[in-house]
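File shown here: start10.cif, holding mmCIF, C-alpha atoms and all ligand atoms.
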data_my_file
loop_
_atom_site.label_atom_id
_atom_site.label_comp_id
_atom_site.auth_asym_id
_atom_site.auth_seq_id
_atom_site.Cartn_x
_atom_site.Cartn_y
_atom_site.Cartn_z
CA MET A 1 -40.63 -36.33 17.09
CA SER A 2 -37.09 -35.53 18.26
CA SER A 3 -34.72 -38.48 18.67
CA LEU A 4 -34.32 -37.23 22.24
CA ALA A 5 -37.99 -37.51 23.25
CA GLN A 6 -38.21 -39.25 26.66
CA LYS A 7 -34.47 -40.00 26.62
CA ARG A 8 -33.13 -40.09 30.17
CA ILE A 9 -30.04 -37.90 30.29
CA LEU A 10 -28.00 -37.40 33.44
CA LEU A 11 -26.09 -34.15 33.07
CA GLY A 12 -23.06 -33.86 35.33
CA ILE A 13 -21.77 -30.36 35.92
CA SER A 14 -18.31 -29.90 37.36
CA GLY A 15 -16.48 -26.75 38.43
CA GLY A 16 -15.61 -24.30 35.70
CA ILE A 17 -16.70 -21.01 34.25
CA ALA A 18 -18.37 -22.92 31.39
CA ALA A 19 -20.96 -24.17 33.92
CA TYR A 20 -23.14 -21.19 32.99
CA LYS A 21 -23.40 -22.54 29.41
CA SER A 22 -24.86 -25.79 30.74
CA ALA A 23 -28.00 -23.89 31.75
CA ASP A 24 -28.60 -23.30 28.04
CA LEU A 25 -27.73 -26.94 27.35
CA VAL A 26 -30.44 -28.10 29.79
CA ARG A 27 -32.94 -25.77 28.13
CA ARG A 28 -32.13 -27.11 24.65
CA LEU A 29 -32.37 -30.73 25.78
CA LYS A 30 -35.72 -30.02 27.43
CA GLU A 31 -36.95 -28.32 24.24
CA ARG A 32 -36.38 -31.68 22.55
CA ASP A 33 -38.44 -33.43 25.25
CA ALA A 34 -35.48 -35.15 26.88
CA ASP A 35 -35.86 -36.10 30.54
CA VAL A 36 -32.90 -34.33 32.18
CA ARG A 37 -31.58 -34.74 35.70
CA VAL A 38 -28.66 -32.64 36.86
CA VAL A 39 -25.86 -33.65 39.20
CA MET A 40 -23.53 -30.90 40.40
CA THR A 41 -20.13 -31.22 42.03
CA ALA A 42 -19.16 -28.93 44.90
CA GLY A 43 -16.94 -27.00 42.45
CA ALA A 44 -19.85 -26.40 40.08
CA ARG A 45 -21.93 -24.93 42.92
CA GLU A 46 -19.27 -22.25 43.36
CA PHE A 47 -20.15 -20.99 39.88
CA VAL A 48 -23.92 -21.47 39.48
CA GLN A 49 -26.75 -22.06 41.96
CA PRO A 50 -28.49 -25.48 41.76
CA LEU A 51 -31.82 -23.66 41.63
CA THR A 52 -31.03 -22.49 38.07
CA TYR A 53 -30.83 -26.08 36.78
CA GLN A 54 -33.75 -27.20 38.92
CA ALA A 55 -35.97 -24.56 37.29
CA LEU A 56 -34.75 -25.44 33.79
CA SER A 57 -34.82 -29.23 34.11
CA GLY A 58 -38.02 -29.42 36.15
CA ASN A 59 -36.31 -31.91 38.46
CA PRO A 60 -34.49 -31.55 41.77
CA VAL A 61 -30.73 -31.16 41.39
CA HIS A 62 -28.60 -33.88 42.94
CA THR A 63 -25.53 -32.75 44.83
CA ASP A 64 -24.63 -35.08 47.71
CA LEU A 65 -23.77 -38.75 47.82
CA LEU A 66 -25.29 -39.51 51.18
CA ASP A 67 -28.10 -36.99 51.56
CA PRO A 68 -30.95 -38.92 53.29
CA ALA A 69 -33.70 -36.81 51.68
CA ALA A 70 -32.31 -37.24 48.15
CA GLU A 71 -31.65 -40.97 48.74
CA ALA A 72 -35.24 -41.43 49.85
CA ALA A 73 -36.52 -39.79 46.63
CA MET A 74 -34.15 -41.51 44.17
CA GLY A 75 -31.12 -43.36 45.55
CA HIS A 76 -27.79 -42.93 43.78
CA ILE A 77 -27.75 -46.48 42.39
CA GLU A 78 -31.28 -45.98 41.11
CA LEU A 79 -30.15 -42.75 39.46
CA ALA A 80 -27.18 -44.55 37.87
CA LYS A 81 -29.55 -47.18 36.46
CA TRP A 82 -32.07 -44.56 35.37
CA ALA A 83 -29.64 -42.83 32.99
CA GLU A 84 -29.50 -43.76 29.31
CA LEU A 85 -26.61 -41.33 28.86
CA ILE A 86 -24.32 -39.57 31.32
CA LEU A 87 -22.94 -36.34 29.90
CA ILE A 88 -20.48 -34.32 31.95
CA ALA A 89 -20.43 -30.74 30.67
CA PRO A 90 -18.27 -28.98 31.62
CA ALA A 91 -15.82 -31.75 32.52
CA SER A 92 -12.91 -30.25 34.48
CA ALA A 93 -9.37 -31.64 34.54
CA GLN A 94 -10.14 -32.79 38.08
CA VAL A 95 -13.17 -34.81 37.02
CA LEU A 96 -11.24 -36.45 34.14
CA ALA A 97 -8.48 -37.40 36.59
CA LYS A 98 -10.96 -38.89 39.05
CA LEU A 99 -12.72 -40.86 36.31
CA ALA A 100 -9.42 -42.17 34.95
CA CYS A 101 -8.53 -43.43 38.46
CA GLY A 102 -11.99 -44.91 39.05
CA MET A 103 -12.56 -42.75 42.12
CA ALA A 104 -15.97 -42.49 43.75
CA ASP A 105 -15.57 -39.73 46.32
CA ASP A 106 -18.58 -37.66 45.32
CA LEU A 107 -22.00 -38.23 43.79
CA LEU A 108 -21.01 -37.62 40.14
CA THR A 109 -18.00 -39.94 40.05
CA THR A 110 -19.93 -42.60 42.00
CA LEU A 111 -22.74 -42.48 39.44
CA CYS A 112 -20.25 -42.83 36.59
CA LEU A 113 -18.79 -45.96 38.19
CA ALA A 114 -22.18 -47.43 38.99
CA SER A 115 -23.81 -46.80 35.62
CA GLU A 116 -23.66 -48.96 32.50
CA ALA A 117 -24.90 -46.09 30.32
CA PRO A 118 -22.56 -44.52 27.75
CA LEU A 119 -20.46 -41.75 29.27
CA ALA A 120 -19.65 -38.59 27.31
CA VAL A 121 -17.52 -35.70 28.50
CA ALA A 122 -17.24 -32.13 27.23
CA PRO A 123 -13.88 -30.98 28.61
CA ALA A 124 -13.49 -27.35 29.63
CA MET A 125 -10.30 -26.02 31.14
CA ASN A 126 -7.35 -23.71 30.60
CA GLN A 127 -5.35 -24.67 27.49
CA ALA A 128 -2.19 -25.49 29.48
CA MET A 129 -4.20 -27.79 31.77
CA TRP A 130 -5.67 -29.58 28.73
CA ARG A 131 -2.23 -29.95 27.17
CA ASN A 132 -0.62 -31.10 30.43
CA ALA A 133 0.79 -34.64 30.14
CA ALA A 134 -1.27 -35.79 33.14
CA THR A 135 -4.56 -34.64 31.57
CA ALA A 136 -3.52 -36.08 28.19
CA ALA A 137 -2.78 -39.45 29.82
CA ASN A 138 -6.13 -39.39 31.67
CA ALA A 139 -8.00 -38.55 28.45
CA LYS A 140 -6.20 -41.36 26.62
CA THR A 141 -7.15 -43.86 29.35
CA LEU A 142 -10.78 -42.75 29.19
CA VAL A 143 -10.92 -42.93 25.36
CA GLU A 144 -9.56 -46.48 25.57
CA ARG A 145 -12.36 -47.34 27.99
CA GLY A 146 -14.93 -46.09 25.51
CA VAL A 147 -15.67 -42.68 27.06
CA LEU A 148 -16.85 -40.28 24.35
CA PHE A 149 -14.95 -36.98 24.16
CA TRP A 150 -17.01 -34.14 22.70
CA GLY A 151 -14.53 -31.32 22.26
CA PRO A 152 -12.80 -29.36 23.57
CA ALA A 153 -12.88 -26.59 21.00
CA ALA A 154 -9.98 -24.20 20.56
CA GLY A 155 -10.22 -20.42 20.83
CA SER A 156 -9.98 -17.57 23.29
CA GLN A 157 -10.54 -18.55 26.91
CA ALA A 158 -12.14 -16.84 29.90
CA CYS A 159 -8.66 -16.49 31.48
CA GLY A 160 -7.33 -14.64 28.42
CA ASP A 161 -5.33 -17.56 26.97
CA VAL A 162 -5.90 -18.84 23.46
CA GLY A 163 -5.84 -22.56 22.68
CA PRO A 164 -7.72 -25.86 23.10
CA GLY A 165 -9.89 -26.24 26.21
CA ARG A 166 -13.15 -24.44 25.48
CA MET A 167 -16.32 -26.40 26.12
CA LEU A 168 -18.29 -27.12 22.93
CA GLU A 169 -21.25 -24.77 22.51
CA PRO A 170 -24.61 -26.14 23.75
CA ASP A 171 -26.01 -26.60 20.22
CA ALA A 172 -22.94 -28.65 19.20
CA LEU A 173 -23.38 -30.81 22.31
CA VAL A 174 -27.07 -31.31 21.55
CA ALA A 175 -26.12 -32.41 18.01
CA GLU A 176 -23.73 -35.02 19.51
CA VAL A 177 -26.42 -36.29 21.88
CA GLU A 178 -28.93 -36.52 19.02
CA SER A 179 -26.49 -38.40 16.82
CA LEU A 180 -25.83 -40.87 19.67
CA PHE A 181 -29.54 -41.60 20.08
CA ARG A 182 -30.44 -41.52 16.38
CA PRO A 183 -31.16 -45.09 15.34
CA GLN A 184 -28.45 -46.08 12.85
CA ARG A 185 -29.51 -49.58 12.07
CA SER A 186 -27.82 -49.85 8.69
CA LEU A 187 -26.50 -53.32 9.62
CA ALA A 188 -29.60 -54.68 11.39
CA GLY A 189 -29.74 -58.46 11.01
CA LYS A 190 -26.23 -58.66 9.53
CA LYS A 191 -23.26 -60.57 10.93
CA VAL A 192 -19.89 -58.83 10.92
CA THR A 193 -16.51 -60.34 11.79
CA ILE A 194 -13.55 -58.09 12.56
CA THR A 195 -9.93 -59.00 13.28
CA ALA A 196 -8.00 -56.53 15.42
CA GLY A 197 -4.68 -55.91 17.12
CA PRO A 198 -1.31 -57.54 16.56
CA THR A 199 -0.49 -61.23 16.49
CA ARG A 200 2.21 -62.64 18.72
CA GLU A 201 4.42 -65.35 17.22
CA ALA A 202 6.07 -67.54 19.84
CA LEU A 203 9.77 -68.29 19.60
CA ASP A 204 10.10 -70.20 22.85
CA PRO A 205 8.13 -70.22 26.14
CA VAL A 206 9.29 -66.69 27.03
CA ARG A 207 9.87 -64.83 23.72
CA TYR A 208 7.83 -63.78 20.73
CA LEU A 209 7.79 -61.64 17.57
CA SER A 210 5.07 -59.00 17.34
CA ASN A 211 4.34 -55.38 16.39
CA HIS A 212 3.01 -52.16 17.92
CA SER A 213 -0.62 -52.39 16.78
CA SER A 214 -2.93 -51.18 19.58
CA GLY A 215 -6.13 -52.69 18.16
CA LYS A 216 -7.96 -49.36 18.60
CA MET A 217 -9.19 -49.12 15.01
CA GLY A 218 -10.59 -52.67 14.98
CA PHE A 219 -12.27 -52.19 18.38
CA ALA A 220 -13.78 -48.87 17.26
CA LEU A 221 -15.14 -50.59 14.13
CA ALA A 222 -16.64 -53.34 16.30
CA THR A 223 -18.37 -50.72 18.49
CA ALA A 224 -19.71 -48.86 15.43
CA ALA A 225 -20.92 -52.05 13.72
CA GLN A 226 -22.69 -53.18 16.90
CA ARG A 227 -24.36 -49.78 17.20
CA ALA A 228 -25.43 -50.06 13.56
CA GLY A 229 -27.37 -53.19 14.54
CA ALA A 230 -24.92 -55.93 13.48
CA GLU A 231 -24.11 -59.10 15.39
CA VAL A 232 -20.36 -58.61 15.78
CA THR A 233 -17.58 -61.14 16.35
CA LEU A 234 -14.29 -59.49 17.24
CA ILE A 235 -11.20 -61.67 16.88
CA ALA A 236 -8.56 -59.92 18.95
CA GLY A 237 -4.84 -60.43 19.21
CA PRO A 238 -3.16 -59.48 22.52
CA VAL A 239 -4.37 -55.93 23.28
CA GLN A 240 -5.16 -53.86 26.37
CA LEU A 241 -8.70 -52.83 25.41
CA ALA A 242 -12.09 -53.46 26.96
CA THR A 243 -14.59 -55.50 24.95
CA PRO A 244 -17.18 -53.18 23.38
CA PRO A 245 -20.67 -53.74 24.86
CA GLY A 246 -22.73 -56.36 23.02
CA VAL A 247 -19.77 -57.66 20.98
CA LYS A 248 -18.65 -61.33 21.00
CA ARG A 249 -14.89 -61.39 21.50
CA ILE A 250 -12.54 -64.25 20.66
CA ASP A 251 -9.01 -63.79 21.98
CA VAL A 252 -6.19 -65.29 19.96
CA THR A 253 -2.40 -65.06 20.09
CA GLY A 254 -0.67 -66.20 16.90
CA ALA A 255 -1.58 -65.76 13.22
CA LEU A 256 -2.54 -69.42 12.85
CA ASP A 257 -5.04 -69.17 15.73
CA MET A 258 -6.38 -65.94 14.26
CA ARG A 259 -6.75 -67.59 10.83
CA ASP A 260 -8.67 -70.57 12.30
CA ALA A 261 -11.02 -68.31 14.29
CA ALA A 262 -11.50 -66.01 11.28
CA GLU A 263 -12.27 -68.87 8.87
CA ARG A 264 -14.87 -70.29 11.28
CA ALA A 265 -16.53 -66.91 11.80
CA ALA A 266 -16.39 -66.05 8.08
CA ASP A 267 -18.49 -69.13 7.27
CA LEU A 268 -21.41 -67.41 8.98
CA CYS A 269 -20.85 -63.71 8.36
CA ASP A 270 -21.99 -61.16 5.78
CA ILE A 271 -19.07 -58.77 6.17
CA PHE A 272 -15.46 -59.56 7.10
CA ILE A 273 -13.09 -56.75 8.07
CA GLY A 274 -9.38 -57.53 8.49
CA ALA A 275 -8.12 -54.74 10.74
CA ALA A 276 -5.47 -56.85 12.49
CA ALA A 277 -1.77 -56.25 11.95
CA VAL A 278 -0.99 -59.91 11.34
CA ALA A 279 2.71 -60.79 11.59
CA ASP A 280 3.85 -61.67 8.06
CA PHE A 281 6.22 -64.36 9.39
CA ARG A 282 6.53 -66.65 12.38
CA PRO A 283 9.52 -68.61 13.67
CA ALA A 284 9.93 -71.85 11.68
CA GLU A 285 10.18 -73.73 14.96
CA VAL A 286 8.83 -72.99 18.41
CA SER A 287 11.32 -74.25 20.95
CA ALA A 288 9.72 -76.13 23.84
CA GLN A 289 12.47 -74.83 26.14
CA LYS A 290 13.94 -71.37 26.52
CA ILE A 291 16.60 -70.92 23.83
CA LYS A 292 20.03 -70.38 25.38
CA LYS A 293 22.51 -67.94 23.91
CA LYS A 294 25.67 -69.43 22.48
CA ASP A 295 28.55 -67.92 24.43
CA ASP A 296 30.95 -67.43 21.55
CA SER A 297 28.61 -66.04 18.88
CA GLU A 298 28.18 -62.31 18.16
CA ARG A 299 25.48 -62.98 15.59
CA ASP A 300 22.68 -65.44 15.25
CA SER A 301 19.89 -65.98 12.76
CA LEU A 302 16.31 -67.04 12.98
CA ALA A 303 14.49 -69.16 10.41
CA LEU A 304 11.04 -67.75 9.63
CA VAL A 305 8.11 -69.11 7.67
CA LYS A 306 5.39 -67.07 6.05
CA ASN A 307 2.05 -66.79 7.80
CA PRO A 308 -1.12 -67.37 5.80
CA ASP A 309 -2.77 -64.16 4.59
CA ILE A 310 -6.03 -64.30 6.52
CA VAL A 311 -8.02 -61.61 4.69
CA ALA A 312 -6.83 -62.86 1.27
CA GLY A 313 -7.88 -66.41 2.19
CA ILE A 314 -11.41 -65.22 2.95
CA ALA A 315 -11.66 -62.87 -0.04
CA GLY A 316 -10.44 -65.69 -2.31
CA ARG A 317 -13.24 -68.08 -1.33
CA SER A 318 -15.48 -69.40 -4.08
CA GLN A 319 -18.30 -70.21 -1.66
CA ARG A 320 -19.67 -68.55 1.47
CA ARG A 321 -17.65 -65.46 0.67
CA PRO A 322 -18.52 -62.42 2.80
CA PHE A 323 -18.04 -58.84 1.59
CA THR A 324 -14.35 -58.54 2.46
CA VAL A 325 -12.55 -55.41 3.63
CA GLY A 326 -8.82 -55.04 4.28
CA PHE A 327 -6.52 -52.36 5.59
CA ALA A 328 -3.31 -51.12 4.01
CA ALA A 329 -0.74 -49.39 6.18
CA GLU A 330 1.57 -47.62 3.77
CA THR A 331 4.51 -45.24 4.04
CA GLU A 332 4.61 -43.98 0.42
CA LYS A 333 2.46 -44.00 -2.76
CA VAL A 334 -0.47 -44.79 -0.46
CA VAL A 335 -3.27 -45.06 -3.04
CA GLU A 336 -1.14 -46.84 -5.64
CA HIS A 337 0.09 -49.48 -3.19
CA ALA A 338 -3.36 -49.94 -1.67
CA GLN A 339 -4.93 -50.40 -5.12
CA ALA A 340 -2.37 -53.12 -5.87
CA LYS A 341 -3.19 -54.78 -2.52
CA LEU A 342 -6.94 -54.58 -3.24
CA ALA A 343 -6.43 -56.44 -6.52
CA ARG A 344 -3.83 -58.92 -5.24
CA LYS A 345 -5.91 -59.96 -2.23
CA LYS A 346 -9.21 -59.87 -4.23
CA LEU A 347 -10.79 -57.56 -1.64
CA ASP A 348 -14.06 -55.68 -2.16
CA LEU A 349 -12.75 -52.60 -0.42
CA ILE A 350 -9.52 -51.45 1.19
CA ILE A 351 -8.93 -48.75 3.79
CA ALA A 352 -5.51 -47.19 3.30
CA ASN A 353 -3.62 -45.04 5.74
CA ASP A 354 -0.30 -43.27 5.62
CA VAL A 355 1.44 -44.47 8.77
CA THR A 356 4.08 -41.76 8.49
CA ALA A 357 1.48 -38.96 8.89
CA ALA A 358 1.70 -37.14 12.24
CA ASP A 359 -0.91 -38.20 14.82
CA SER A 360 -2.21 -41.08 12.70
CA GLY A 361 -2.11 -44.85 12.48
CA PHE A 362 -0.57 -47.29 14.98
CA ASN A 363 -1.16 -46.50 18.65
CA SER A 364 -2.68 -43.08 17.90
CA ASP A 365 -6.29 -42.19 18.80
CA ARG A 366 -6.64 -40.49 15.42
CA ASN A 367 -6.37 -41.67 11.84
CA THR A 368 -6.51 -40.31 8.31
CA VAL A 369 -7.69 -42.80 5.70
CA THR A 370 -8.56 -43.23 2.04
CA VAL A 371 -11.20 -45.77 1.08
CA ILE A 372 -10.57 -47.55 -2.21
CA ASP A 373 -12.66 -49.98 -4.21
CA ALA A 374 -13.02 -50.93 -7.87
CA ASN A 375 -14.82 -47.65 -8.57
CA GLY A 376 -12.16 -45.31 -7.22
CA SER A 377 -10.98 -43.70 -4.01
CA THR A 378 -12.50 -41.42 -1.35
CA SER A 379 -10.35 -39.59 1.23
CA LEU A 380 -11.93 -38.99 4.63
CA PRO A 381 -10.81 -36.01 6.74
CA PRO A 382 -8.57 -36.69 9.80
CA ALA A 383 -10.70 -37.79 12.76
CA LEU A 384 -10.72 -39.68 16.02
CA LYS A 385 -10.70 -43.44 15.35
CA THR A 386 -14.07 -43.70 17.11
CA GLU A 387 -15.65 -41.14 14.74
CA LEU A 388 -13.90 -42.55 11.70
CA ALA A 389 -15.17 -46.01 12.59
CA GLU A 390 -18.78 -44.79 12.37
CA GLN A 391 -18.17 -43.25 8.96
CA LEU A 392 -16.38 -46.37 7.73
CA ILE A 393 -19.12 -48.70 8.98
CA ASN A 394 -21.77 -46.60 7.24
CA LEU A 395 -19.76 -46.63 4.04
CA ILE A 396 -19.06 -50.38 4.24
CA ALA A 397 -22.75 -51.07 4.98
CA GLU A 398 -23.80 -49.01 1.96
CA ARG A 399 -21.37 -50.76 -0.40
CA ALA A 400 -21.88 -54.27 0.99
CA LEU A 401 -25.66 -54.11 0.94
CA THR A 402 -25.98 -52.66 -2.55
CA GLN A 403 -23.68 -55.29 -4.07
N1 LIG A 501 -3.48 -59.42 6.60
C1 LIG A 501 -3.97 -60.67 6.93
N2 LIG A 501 -3.11 -61.70 7.12
C2 LIG A 501 -1.78 -61.51 6.97
C3 LIG A 501 -1.27 -60.23 6.64
C4 LIG A 501 -2.15 -59.20 6.46
O1 LIG A 501 -5.18 -60.85 7.06
N3 LIG A 501 -0.98 -62.54 7.16
C5 LIG A 501 -4.44 -58.34 6.35
C6 LIG A 501 -4.45 -57.22 7.36
O2 LIG A 501 -5.40 -57.48 8.38
C7 LIG A 501 -4.86 -56.04 6.50
C8 LIG A 501 -4.27 -56.34 5.16
O3 LIG A 501 -4.05 -57.73 5.15
O4 LIG A 501 -6.26 -55.98 6.31
C9 LIG A 501 -3.03 -55.58 4.81
O5 LIG A 501 -1.93 -56.07 5.37
P1 LIG A 501 -0.45 -55.43 5.14
O6 LIG A 501 0.41 -56.03 6.18
O7 LIG A 501 -0.53 -53.97 5.05
O8 LIG A 501 -0.11 -55.90 3.71
P2 LIG A 501 0.80 -57.03 3.19
O9 LIG A 501 -0.05 -57.85 2.35
O10 LIG A 501 1.50 -57.68 4.32
O11 LIG A 501 1.80 -56.25 2.26
P3 LIG A 501 3.12 -55.39 2.63
O12 LIG A 501 3.62 -55.90 3.95
O13 LIG A 501 3.96 -55.64 1.48
O14 LIG A 501 2.66 -53.96 2.72
#
Write-out of the structure in structure tokens:
Amino acid sequence: MSSLAQKRILLGISGGIAAYKSADLVRRLKERDADVRVVMTAGAREFVQPLTYQALSGNPVHTDLLDPAAEAAMGHIELAKWAELILIAPASAQVLAKLACGMADDLLTTLCLASEAPLAVAPAMNQAMWRNAATAANAKTLVERGVLFWGPAAGSQACGDVGPGRMLEPDALVAEVESLFRPQRSLAGKKVTITAGPTREALDPVRYLSNHSSGKMGFALATAAQRAGAEVTLIAGPVQLATPPGVKRIDVTGALDMRDAAERAADLCDIFIGAAAVADFRPAEVSAQKIKKKDDSERDSLALVKNPDIVAGIAGRSQRRPFTVGFAAETEKVVEHAQAKLARKKLDLIIANDVTAADSGFNSDRNTVTVIDANGSTSLPPALKTELAEQLINLIAERALTQ
């Protein structure tokens, strides 16, 4: 039986020439016994007639927010609750912009706001529109909120341009949908603790020392571990990210708070992943009052004390020691330095990345990593942090459970 049998998929179609490909997408989803309902925007209806999708999906096509007949059959909130996945294919620049703003001025965007189902988009637009800073910012916002981006692919476009912006082909989209629904329960019954984000080390009531970590990698790992069936505790420094569904989040500020929360969680967990960028030092003293500048001094100095190494503390335990994974952000001799860190911190596995590589590491949505353990190293191809997280969780699960 296909992993899509009886899966309730709401397919949103927005305006774009790629809308004709979605007819084939509906057909392929139906072939796999998925239950498909189609919502079309006004723009989409300029390209393809609703009747096409009605015939292929076997269900009436939804087009209007406040159509009394449609509301009587299945109201829009009911439709939002019905969906197990919302896939917008093609997703135009306009639809991405509306989603990023949280607008609800038509049926499709209203359903997206009202639904708790995962939302995936298959962007399709002219390459310059995809590359435009406004679209890039909207896509970044949506990725941070957990929206799945499938594509776009690069190549020749209907308008004659060549570049990124082509909708993924229907079979590639079906493969993404299948992989989303395929049960990956490699961590069923396991408890996983993950630290993420920066720490913030107070200097006085208004100032602190910190770093640029966004927390994206740790949050993506938490999402992937939860999807793999684990009970996940995410210990997060100050970051601007939404809590992944089903994950227990503990917010902390400084390294000492993070250490205390991590030690408590590690007592109960099977796998500990230190993805946080913990500040190595903190001010030796935290002033209770705002520190005033001295009028006559051009220079000043700050006494710092070393923070405890959280992941090394957990890996060094003699009892109740979880399988312990660390990260190594390096700028040169990546594998060599990471191997030394693996040994020094007594980790089971370390994930190394070259932070100088373009479009990788801190604050980027993408990353390129090498996984190192006592048996050697494996380099993974560059990927979105969300995709990489799935691969890393599968790999960690495999190594941790065969120990
Ligand atoms: N880490 C930690 N506690 C610290 C510092 C780091 O738990 N006080 C963890 C990070 O979460 C990461 C790993 O240690 O998993 C690597 O940290 P990194 O800062 O790269 O290494 P350092 O040991 O600080 O070495 P260096 O700064 O010399 O690269």
task: Around ligand LIG 501 (chain A), at most 7 Å away and counting all atoms listed in the file, which residues are there? Put them as an MDAnalysis selection string, please.
output: chainID A and resid 195 255 274:280 307:312 325:330 341
Test item: residues at most 7 Å from Phe272 in chain A, only C-alpha atoms, excluding those fewer than 6 positions along its chain, as JSON, numbers by chain: {"A": [192, 193, 194, 266, 322, 323, 324, 325]}
task: Point out the residue among A:Ala358, A:Ala91, A:Ala352, A:Lys345 with the least atom-to-atom distance to Leu380 in chain A, counting all atoms listed in the file.
output: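 Checking each candidate against Leu380 in chain A, we get A:Ala352 as the closest.
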field: Which residue of A:Ala236, A:Ile77, A:Ala196, A:Val48 approaches Cys112 in chain A most closely, using all atoms listed in the file
entry: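 Ranking A:Ala236, A:Ile77, A:Ala196, A:Val48 by distance to Cys112 in chain A, first place goes to A:Ile77.
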query: Taking into account all atoms listed in the file, which residue in the set A:Ala188, A:Ile86, A:Leu304, A:Ala262 is nearest to Gln226 in chain A?
result: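 Result for the nearest residue to Gln226 in chain A: A:Ala188.
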